[in-house]
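> Structure file model36.txt, compact mmCIF, N, CA and C atoms, is pasted below:
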# COMPACT_ATOMS: atom_id res chain seq x y z
N MET A 1 0.83 -1.18 0.00
CA MET A 1 0.00 0.00 0.00
C MET A 1 0.88 1.25 0.00
N PRO A 2 1.75 1.42 -1.00
CA PRO A 2 2.66 2.56 -1.05
C PRO A 2 1.93 3.89 -1.09
N ASN A 3 2.56 4.93 -0.51
CA ASN A 3 1.96 6.25 -0.54
C ASN A 3 2.94 7.34 -0.92
N ASN A 4 4.11 6.98 -1.41
CA ASN A 4 5.09 7.93 -1.94
C ASN A 4 5.43 9.08 -1.00
N GLY A 5 5.69 8.78 0.26
CA GLY A 5 6.15 9.78 1.20
C GLY A 5 5.07 10.70 1.74
N ASP A 6 3.82 10.30 1.68
CA ASP A 6 2.71 11.10 2.22
C ASP A 6 2.96 11.34 3.71
N PRO A 7 2.90 12.61 4.17
CA PRO A 7 3.22 12.91 5.56
C PRO A 7 2.07 12.74 6.55
N TYR A 8 0.93 12.24 6.11
CA TYR A 8 -0.24 12.12 6.98
C TYR A 8 -0.44 10.69 7.48
N CYS A 9 -1.00 10.56 8.68
CA CYS A 9 -1.41 9.26 9.19
C CYS A 9 -2.52 8.73 8.28
N ARG A 10 -2.41 7.49 7.86
CA ARG A 10 -3.41 6.88 6.98
C ARG A 10 -4.75 6.68 7.68
N VAL A 11 -4.74 6.61 8.99
CA VAL A 11 -5.96 6.34 9.75
C VAL A 11 -6.71 7.62 10.09
N CYS A 12 -6.03 8.59 10.70
CA CYS A 12 -6.72 9.79 11.18
C CYS A 12 -6.39 11.06 10.41
N GLY A 13 -5.33 11.04 9.60
CA GLY A 13 -4.99 12.21 8.81
C GLY A 13 -4.09 13.22 9.50
N LEU A 14 -3.58 12.91 10.69
CA LEU A 14 -2.71 13.85 11.39
C LEU A 14 -1.40 14.02 10.61
N LEU A 15 -1.02 15.27 10.39
CA LEU A 15 0.25 15.57 9.74
C LEU A 15 1.38 15.14 10.67
N GLN A 16 2.31 14.35 10.15
CA GLN A 16 3.43 13.83 10.93
C GLN A 16 4.70 14.61 10.62
N ALA A 17 5.64 14.64 11.54
CA ALA A 17 6.91 15.34 11.33
C ALA A 17 7.72 14.68 10.21
N THR A 18 7.62 13.36 10.11
CA THR A 18 8.28 12.61 9.04
C THR A 18 7.24 11.67 8.42
N PRO A 19 7.37 11.35 7.15
CA PRO A 19 6.39 10.44 6.53
C PRO A 19 6.33 9.11 7.27
N PRO A 20 5.13 8.70 7.72
CA PRO A 20 4.98 7.46 8.48
C PRO A 20 5.49 6.22 7.74
N TRP A 21 5.51 6.29 6.41
CA TRP A 21 5.98 5.17 5.61
C TRP A 21 7.25 5.53 4.85
N GLY A 22 8.02 6.47 5.39
CA GLY A 22 9.29 6.86 4.79
C GLY A 22 9.11 7.64 3.49
N ASP A 23 10.21 8.18 3.00
CA ASP A 23 10.16 8.95 1.76
C ASP A 23 9.79 8.09 0.56
N ASP A 24 10.08 6.79 0.64
CA ASP A 24 9.77 5.90 -0.47
C ASP A 24 8.34 5.36 -0.40
N GLY A 25 7.64 5.62 0.71
CA GLY A 25 6.27 5.14 0.85
C GLY A 25 6.17 3.65 1.15
N ARG A 26 7.30 3.00 1.45
CA ARG A 26 7.31 1.55 1.67
C ARG A 26 8.06 1.12 2.92
N SER A 27 8.62 2.07 3.63
CA SER A 27 9.46 1.74 4.79
C SER A 27 8.86 2.37 6.05
N PRO A 28 7.99 1.64 6.75
CA PRO A 28 7.32 2.23 7.92
C PRO A 28 8.31 2.61 9.02
N THR A 29 7.94 3.65 9.75
CA THR A 29 8.79 4.12 10.84
C THR A 29 8.53 3.35 12.13
N TRP A 30 7.41 2.67 12.22
CA TRP A 30 6.98 1.94 13.40
C TRP A 30 6.70 2.87 14.58
N GLU A 31 6.58 4.17 14.31
CA GLU A 31 6.23 5.13 15.35
C GLU A 31 4.72 5.07 15.60
N ILE A 32 4.29 5.72 16.67
CA ILE A 32 2.88 5.74 17.05
C ILE A 32 2.31 7.13 16.76
N CYS A 33 1.15 7.18 16.13
CA CYS A 33 0.46 8.44 15.87
C CYS A 33 -0.06 9.00 17.20
N ALA A 34 0.29 10.24 17.50
CA ALA A 34 -0.14 10.88 18.75
C ALA A 34 -1.65 11.05 18.80
N CYS A 35 -2.28 11.13 17.64
CA CYS A 35 -3.73 11.36 17.61
C CYS A 35 -4.52 10.06 17.79
N CYS A 36 -4.38 9.12 16.87
CA CYS A 36 -5.23 7.92 16.91
C CYS A 36 -4.56 6.69 17.52
N GLY A 37 -3.24 6.75 17.74
CA GLY A 37 -2.54 5.63 18.35
C GLY A 37 -2.12 4.54 17.38
N THR A 38 -2.26 4.78 16.09
CA THR A 38 -1.86 3.79 15.09
C THR A 38 -0.35 3.61 15.10
N GLU A 39 0.10 2.37 15.05
CA GLU A 39 1.52 2.09 14.88
C GLU A 39 1.77 1.96 13.38
N PHE A 40 2.56 2.87 12.83
CA PHE A 40 2.82 2.88 11.40
C PHE A 40 3.57 1.62 11.00
N GLY A 41 2.99 0.88 10.08
CA GLY A 41 3.55 -0.38 9.64
C GLY A 41 2.79 -1.57 10.18
N TYR A 42 1.89 -1.33 11.12
CA TYR A 42 1.11 -2.42 11.71
C TYR A 42 -0.37 -2.25 11.37
N GLN A 43 -1.08 -1.37 12.08
CA GLN A 43 -2.52 -1.21 11.81
C GLN A 43 -2.80 -0.62 10.43
N ASP A 44 -1.83 0.10 9.86
CA ASP A 44 -2.08 0.79 8.59
C ASP A 44 -1.38 0.12 7.40
N ALA A 45 -1.04 -1.15 7.53
CA ALA A 45 -0.30 -1.85 6.47
C ALA A 45 -1.17 -2.26 5.29
N THR A 46 -2.47 -2.37 5.49
CA THR A 46 -3.38 -2.76 4.41
C THR A 46 -4.59 -1.83 4.41
N PRO A 47 -5.27 -1.70 3.27
CA PRO A 47 -6.49 -0.88 3.24
C PRO A 47 -7.52 -1.35 4.27
N ALA A 48 -7.67 -2.66 4.43
CA ALA A 48 -8.63 -3.19 5.41
C ALA A 48 -8.22 -2.82 6.83
N GLY A 49 -6.94 -2.86 7.12
CA GLY A 49 -6.45 -2.49 8.45
C GLY A 49 -6.68 -1.01 8.74
N VAL A 50 -6.45 -0.17 7.74
CA VAL A 50 -6.70 1.26 7.89
C VAL A 50 -8.17 1.51 8.18
N LEU A 51 -9.03 0.86 7.42
CA LEU A 51 -10.47 1.03 7.60
C LEU A 51 -10.91 0.58 9.00
N ARG A 52 -10.42 -0.58 9.43
CA ARG A 52 -10.76 -1.08 10.78
C ARG A 52 -10.30 -0.11 11.86
N ALA A 53 -9.07 0.37 11.74
CA ALA A 53 -8.53 1.28 12.75
C ALA A 53 -9.30 2.60 12.75
N ARG A 54 -9.62 3.11 11.56
CA ARG A 54 -10.37 4.37 11.49
C ARG A 54 -11.77 4.20 12.06
N GLN A 55 -12.42 3.09 11.76
CA GLN A 55 -13.76 2.84 12.30
C GLN A 55 -13.73 2.74 13.82
N ALA A 56 -12.71 2.07 14.35
CA ALA A 56 -12.59 1.94 15.81
C ALA A 56 -12.35 3.30 16.45
N TRP A 57 -11.47 4.11 15.86
CA TRP A 57 -11.16 5.44 16.39
C TRP A 57 -12.40 6.32 16.34
N THR A 58 -13.13 6.25 15.23
CA THR A 58 -14.36 7.03 15.06
C THR A 58 -15.41 6.61 16.07
N ALA A 59 -15.59 5.30 16.24
CA ALA A 59 -16.61 4.77 17.16
C ALA A 59 -16.35 5.21 18.60
N LYS A 60 -15.08 5.43 18.93
CA LYS A 60 -14.72 5.87 20.29
C LYS A 60 -14.87 7.38 20.47
N GLY A 61 -15.20 8.09 19.38
CA GLY A 61 -15.38 9.54 19.48
C GLY A 61 -14.12 10.34 19.19
N TYR A 62 -13.20 9.81 18.40
CA TYR A 62 -11.96 10.48 17.99
C TYR A 62 -11.05 10.85 19.17
N PRO A 63 -10.79 9.93 20.09
CA PRO A 63 -9.92 10.28 21.23
C PRO A 63 -8.47 10.44 20.79
N TRP A 64 -7.75 11.28 21.50
CA TRP A 64 -6.32 11.43 21.26
C TRP A 64 -5.57 10.39 22.07
N PHE A 65 -4.62 9.72 21.43
CA PHE A 65 -3.79 8.74 22.10
C PHE A 65 -2.88 9.44 23.11
N GLN A 66 -2.32 10.57 22.69
CA GLN A 66 -1.49 11.40 23.57
C GLN A 66 -2.21 12.74 23.72
N GLU A 67 -3.10 12.82 24.67
CA GLU A 67 -3.93 14.01 24.86
C GLU A 67 -3.11 15.29 24.98
N SER A 68 -1.91 15.20 25.54
CA SER A 68 -1.06 16.39 25.71
C SER A 68 -0.62 16.98 24.36
N GLU A 69 -0.72 16.22 23.28
CA GLU A 69 -0.33 16.68 21.95
C GLU A 69 -1.50 17.31 21.18
N ARG A 70 -2.69 17.25 21.73
CA ARG A 70 -3.89 17.75 21.04
C ARG A 70 -3.86 19.27 20.97
N PRO A 71 -3.93 19.85 19.76
CA PRO A 71 -3.92 21.31 19.62
C PRO A 71 -5.22 21.93 20.12
N PRO A 72 -5.16 23.15 20.65
CA PRO A 72 -6.38 23.83 21.07
C PRO A 72 -7.33 24.00 19.88
N GLY A 73 -8.60 23.77 20.11
CA GLY A 73 -9.59 23.95 19.05
C GLY A 73 -9.60 22.86 17.99
N TRP A 74 -8.87 21.78 18.23
CA TRP A 74 -8.80 20.68 17.25
C TRP A 74 -10.16 20.07 17.00
N ARG A 75 -10.44 19.78 15.72
CA ARG A 75 -11.68 19.08 15.34
C ARG A 75 -11.33 17.93 14.41
N ALA A 76 -11.77 16.74 14.73
CA ALA A 76 -11.47 15.55 13.92
C ALA A 76 -11.93 15.73 12.48
N GLU A 77 -13.12 16.27 12.30
CA GLU A 77 -13.67 16.42 10.96
C GLU A 77 -12.78 17.29 10.09
N ASP A 78 -12.26 18.39 10.65
CA ASP A 78 -11.37 19.28 9.89
C ASP A 78 -10.10 18.54 9.48
N GLN A 79 -9.55 17.76 10.41
CA GLN A 79 -8.32 17.01 10.12
C GLN A 79 -8.56 15.97 9.03
N LEU A 80 -9.65 15.26 9.11
CA LEU A 80 -9.97 14.23 8.11
C LEU A 80 -10.21 14.84 6.74
N VAL A 81 -10.91 15.97 6.69
CA VAL A 81 -11.15 16.65 5.41
C VAL A 81 -9.83 17.15 4.83
N HIS A 82 -9.00 17.79 5.68
CA HIS A 82 -7.73 18.33 5.21
C HIS A 82 -6.84 17.23 4.62
N ALA A 83 -6.85 16.07 5.23
CA ALA A 83 -6.04 14.95 4.76
C ALA A 83 -6.75 14.15 3.66
N GLN A 84 -7.89 14.64 3.22
CA GLN A 84 -8.68 14.02 2.15
C GLN A 84 -9.13 12.61 2.51
N LEU A 85 -9.43 12.40 3.79
CA LEU A 85 -9.95 11.12 4.24
C LEU A 85 -11.46 11.19 4.45
N LEU A 86 -12.00 12.40 4.38
CA LEU A 86 -13.43 12.62 4.55
C LEU A 86 -13.81 13.76 3.62
N GLN A 87 -14.92 13.63 2.93
CA GLN A 87 -15.34 14.67 2.00
C GLN A 87 -16.08 15.77 2.74
N ASN A 88 -15.72 17.00 2.44
CA ASN A 88 -16.40 18.16 3.01
C ASN A 88 -17.74 18.31 2.32
N ASP A 89 -18.83 18.51 3.07
CA ASP A 89 -20.16 18.64 2.47
C ASP A 89 -20.21 19.76 1.44
N SER A 90 -19.47 20.84 1.64
CA SER A 90 -19.49 21.93 0.68
C SER A 90 -18.82 21.53 -0.63
N ASP A 91 -17.93 20.53 -0.58
CA ASP A 91 -17.27 20.05 -1.79
C ASP A 91 -18.12 19.07 -2.57
N SER A 92 -19.13 18.50 -1.92
CA SER A 92 -19.93 17.46 -2.57
C SER A 92 -21.16 18.01 -3.25
N GLY A 93 -21.35 19.34 -3.20
CA GLY A 93 -22.50 19.94 -3.85
C GLY A 93 -23.76 19.91 -3.02
N ARG A 94 -23.66 19.55 -1.75
CA ARG A 94 -24.83 19.53 -0.86
C ARG A 94 -25.09 20.88 -0.28
Could you spell out this file's structure in structure tokens?

Amino acid sequence: MPNNGDPYCRVCGLLQATPPWGDDGRSPTWEICACCGTEFGYQDATPAGVLRARQAWTAKGYPWFQESERPPGWRAEDQLVHAQLLQNDSDSGR
């Protein structure tokens, strides 16, 4: 599931300091996303794994894995739209 150095978490869309799957999109860092708690290279290794992890995170109400890293005014929906993981209603013609 290469992503060519995409700097966002595949599960929650949080912008990471370094690409979670390396610059080549194939070498996971094995780090943990501060937002959703995904271990890069494990829960996000397949499309089905990403979907399962995102559904679990969503069902829990978008909790932060490391609450101390949560920016003031953070909104899950904004993050997901920005990372193109969720369509903005204004973009869909609704």
> With only N, CA and C atoms as the counted atoms, please give the residues lying no more than 8 Å from range 21-38 of chain A, apart from itself and same-chain residues fewer than 3 positions off, as a PyMOL selection string.
chain A and resi 1-9+11-14+16+18+41-44+53+57+62-70
> Here is a test: counting all atoms listed in the file, which residue of A:Ala17, A:Phe40, A:Pro47, A:Gly61 is nearest to Ala76 in chain A?
A:Gly61
> In chain A, what's helix (DSSP H, G or I) per DSSP? Answer as a ChimeraX atom specification?
/A:47-59,67-69,76-82,89-91
> Between atom C of Gln79 in chain A and CA of Arg54 in chain A, what is the distance, to one decimal in Å?
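So the two atoms, atom C of Gln79 in chain A and CA of Arg54 in chain A, lie 12.0 Å apart.
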> Could you tell me how far CA of Pro72 in chain A sits from CA of Val50 in chain A, in Å to one decimal place?
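Distance reported for this atom pair: 26.1 Å.
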> Pick out each residue of chain A that DSSP on the backbone tags as strand (DSSP E or B); I need them as a CSV table (one decimal) with N, CA and C atoms, keeping the file's coordinate frame.

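File states.csv, as written:
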chain,number,residue,atom,x,y,z
A,8,TYR,N,0.9,12.2,6.1
A,8,TYR,CA,-0.2,12.1,7.0
A,8,TYR,C,-0.4,10.7,7.5
A,15,LEU,N,-1.0,15.3,10.4
A,15,LEU,CA,0.2,15.6,9.7
A,15,LEU,C,1.4,15.1,10.7
A,32,ILE,N,4.3,5.7,16.7
A,32,ILE,CA,2.9,5.7,17.0
A,32,ILE,C,2.3,7.1,16.8
A,39,GLU,N,0.1,2.4,15.0
A,39,GLU,CA,1.5,2.1,14.9
A,39,GLU,C,1.8,2.0,13.4
> One decimal, Å: what's the distance from atom N of Asp78 in chain A over to CA of Gln55 in chain A, could you say?
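Between these atoms lies a distance of 15.7 Å.
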> Restricted to N, CA and C atoms, what does range 4-37 of chain A look like when written out as a compact mmCIF listing (two decimals), in the first residue's frame?

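Just written: selection-v2.txt:
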# COMPACT_ATOMS: atom_id res chain seq x y z
N ASN A 4 4.11 6.98 -1.41
CA ASN A 4 5.09 7.93 -1.94
C ASN A 4 5.43 9.08 -1.00
N GLY A 5 5.69 8.78 0.26
CA GLY A 5 6.15 9.78 1.20
C GLY A 5 5.07 10.70 1.74
N ASP A 6 3.82 10.30 1.68
CA ASP A 6 2.71 11.10 2.22
C ASP A 6 2.96 11.34 3.71
N PRO A 7 2.90 12.61 4.17
CA PRO A 7 3.22 12.91 5.56
C PRO A 7 2.07 12.74 6.55
N TYR A 8 0.93 12.24 6.11
CA TYR A 8 -0.24 12.12 6.98
C TYR A 8 -0.44 10.69 7.48
N CYS A 9 -1.00 10.56 8.68
CA CYS A 9 -1.41 9.26 9.19
C CYS A 9 -2.52 8.73 8.28
N ARG A 10 -2.41 7.49 7.86
CA ARG A 10 -3.41 6.88 6.98
C ARG A 10 -4.75 6.68 7.68
N VAL A 11 -4.74 6.61 8.99
CA VAL A 11 -5.96 6.34 9.75
C VAL A 11 -6.71 7.62 10.09
N CYS A 12 -6.03 8.59 10.70
CA CYS A 12 -6.72 9.79 11.18
C CYS A 12 -6.39 11.06 10.41
N GLY A 13 -5.33 11.04 9.60
CA GLY A 13 -4.99 12.21 8.81
C GLY A 13 -4.09 13.22 9.50
N LEU A 14 -3.58 12.91 10.69
CA LEU A 14 -2.71 13.85 11.39
C LEU A 14 -1.40 14.02 10.61
N LEU A 15 -1.02 15.27 10.39
CA LEU A 15 0.25 15.57 9.74
C LEU A 15 1.38 15.14 10.67
N GLN A 16 2.31 14.35 10.15
CA GLN A 16 3.43 13.83 10.93
C GLN A 16 4.70 14.61 10.62
N ALA A 17 5.64 14.64 11.54
CA ALA A 17 6.91 15.34 11.33
C ALA A 17 7.72 14.68 10.21
N THR A 18 7.62 13.36 10.11
CA THR A 18 8.28 12.61 9.04
C THR A 18 7.24 11.67 8.42
N PRO A 19 7.37 11.35 7.15
CA PRO A 19 6.39 10.44 6.53
C PRO A 19 6.33 9.11 7.27
N PRO A 20 5.13 8.70 7.72
CA PRO A 20 4.98 7.46 8.48
C PRO A 20 5.49 6.22 7.74
N TRP A 21 5.51 6.29 6.41
CA TRP A 21 5.98 5.17 5.61
C TRP A 21 7.25 5.53 4.85
N GLY A 22 8.02 6.47 5.39
CA GLY A 22 9.29 6.86 4.79
C GLY A 22 9.11 7.64 3.49
N ASP A 23 10.21 8.18 3.00
CA ASP A 23 10.16 8.95 1.76
C ASP A 23 9.79 8.09 0.56
N ASP A 24 10.08 6.79 0.64
CA ASP A 24 9.77 5.90 -0.47
C ASP A 24 8.34 5.36 -0.40
N GLY A 25 7.64 5.62 0.71
CA GLY A 25 6.27 5.14 0.85
C GLY A 25 6.17 3.65 1.15
N ARG A 26 7.30 3.00 1.45
CA ARG A 26 7.31 1.55 1.67
C ARG A 26 8.06 1.12 2.92
N SER A 27 8.62 2.07 3.63
CA SER A 27 9.46 1.74 4.79
C SER A 27 8.86 2.37 6.05
N PRO A 28 7.99 1.64 6.75
CA PRO A 28 7.32 2.23 7.92
C PRO A 28 8.31 2.61 9.02
N THR A 29 7.94 3.65 9.75
CA THR A 29 8.79 4.12 10.84
C THR A 29 8.53 3.35 12.13
N TRP A 30 7.41 2.67 12.22
CA TRP A 30 6.98 1.94 13.40
C TRP A 30 6.70 2.87 14.58
N GLU A 31 6.58 4.17 14.31
CA GLU A 31 6.23 5.13 15.35
C GLU A 31 4.72 5.07 15.60
N ILE A 32 4.29 5.72 16.67
CA ILE A 32 2.88 5.74 17.05
C ILE A 32 2.31 7.13 16.76
N CYS A 33 1.15 7.18 16.13
CA CYS A 33 0.46 8.44 15.87
C CYS A 33 -0.06 9.00 17.20
N ALA A 34 0.29 10.24 17.50
CA ALA A 34 -0.14 10.88 18.75
C ALA A 34 -1.65 11.05 18.80
N CYS A 35 -2.28 11.13 17.64
CA CYS A 35 -3.73 11.36 17.61
C CYS A 35 -4.52 10.06 17.79
N CYS A 36 -4.38 9.12 16.87
CA CYS A 36 -5.23 7.92 16.91
C CYS A 36 -4.56 6.69 17.52
N GLY A 37 -3.24 6.75 17.74
CA GLY A 37 -2.54 5.63 18.35
C GLY A 37 -2.12 4.54 17.38
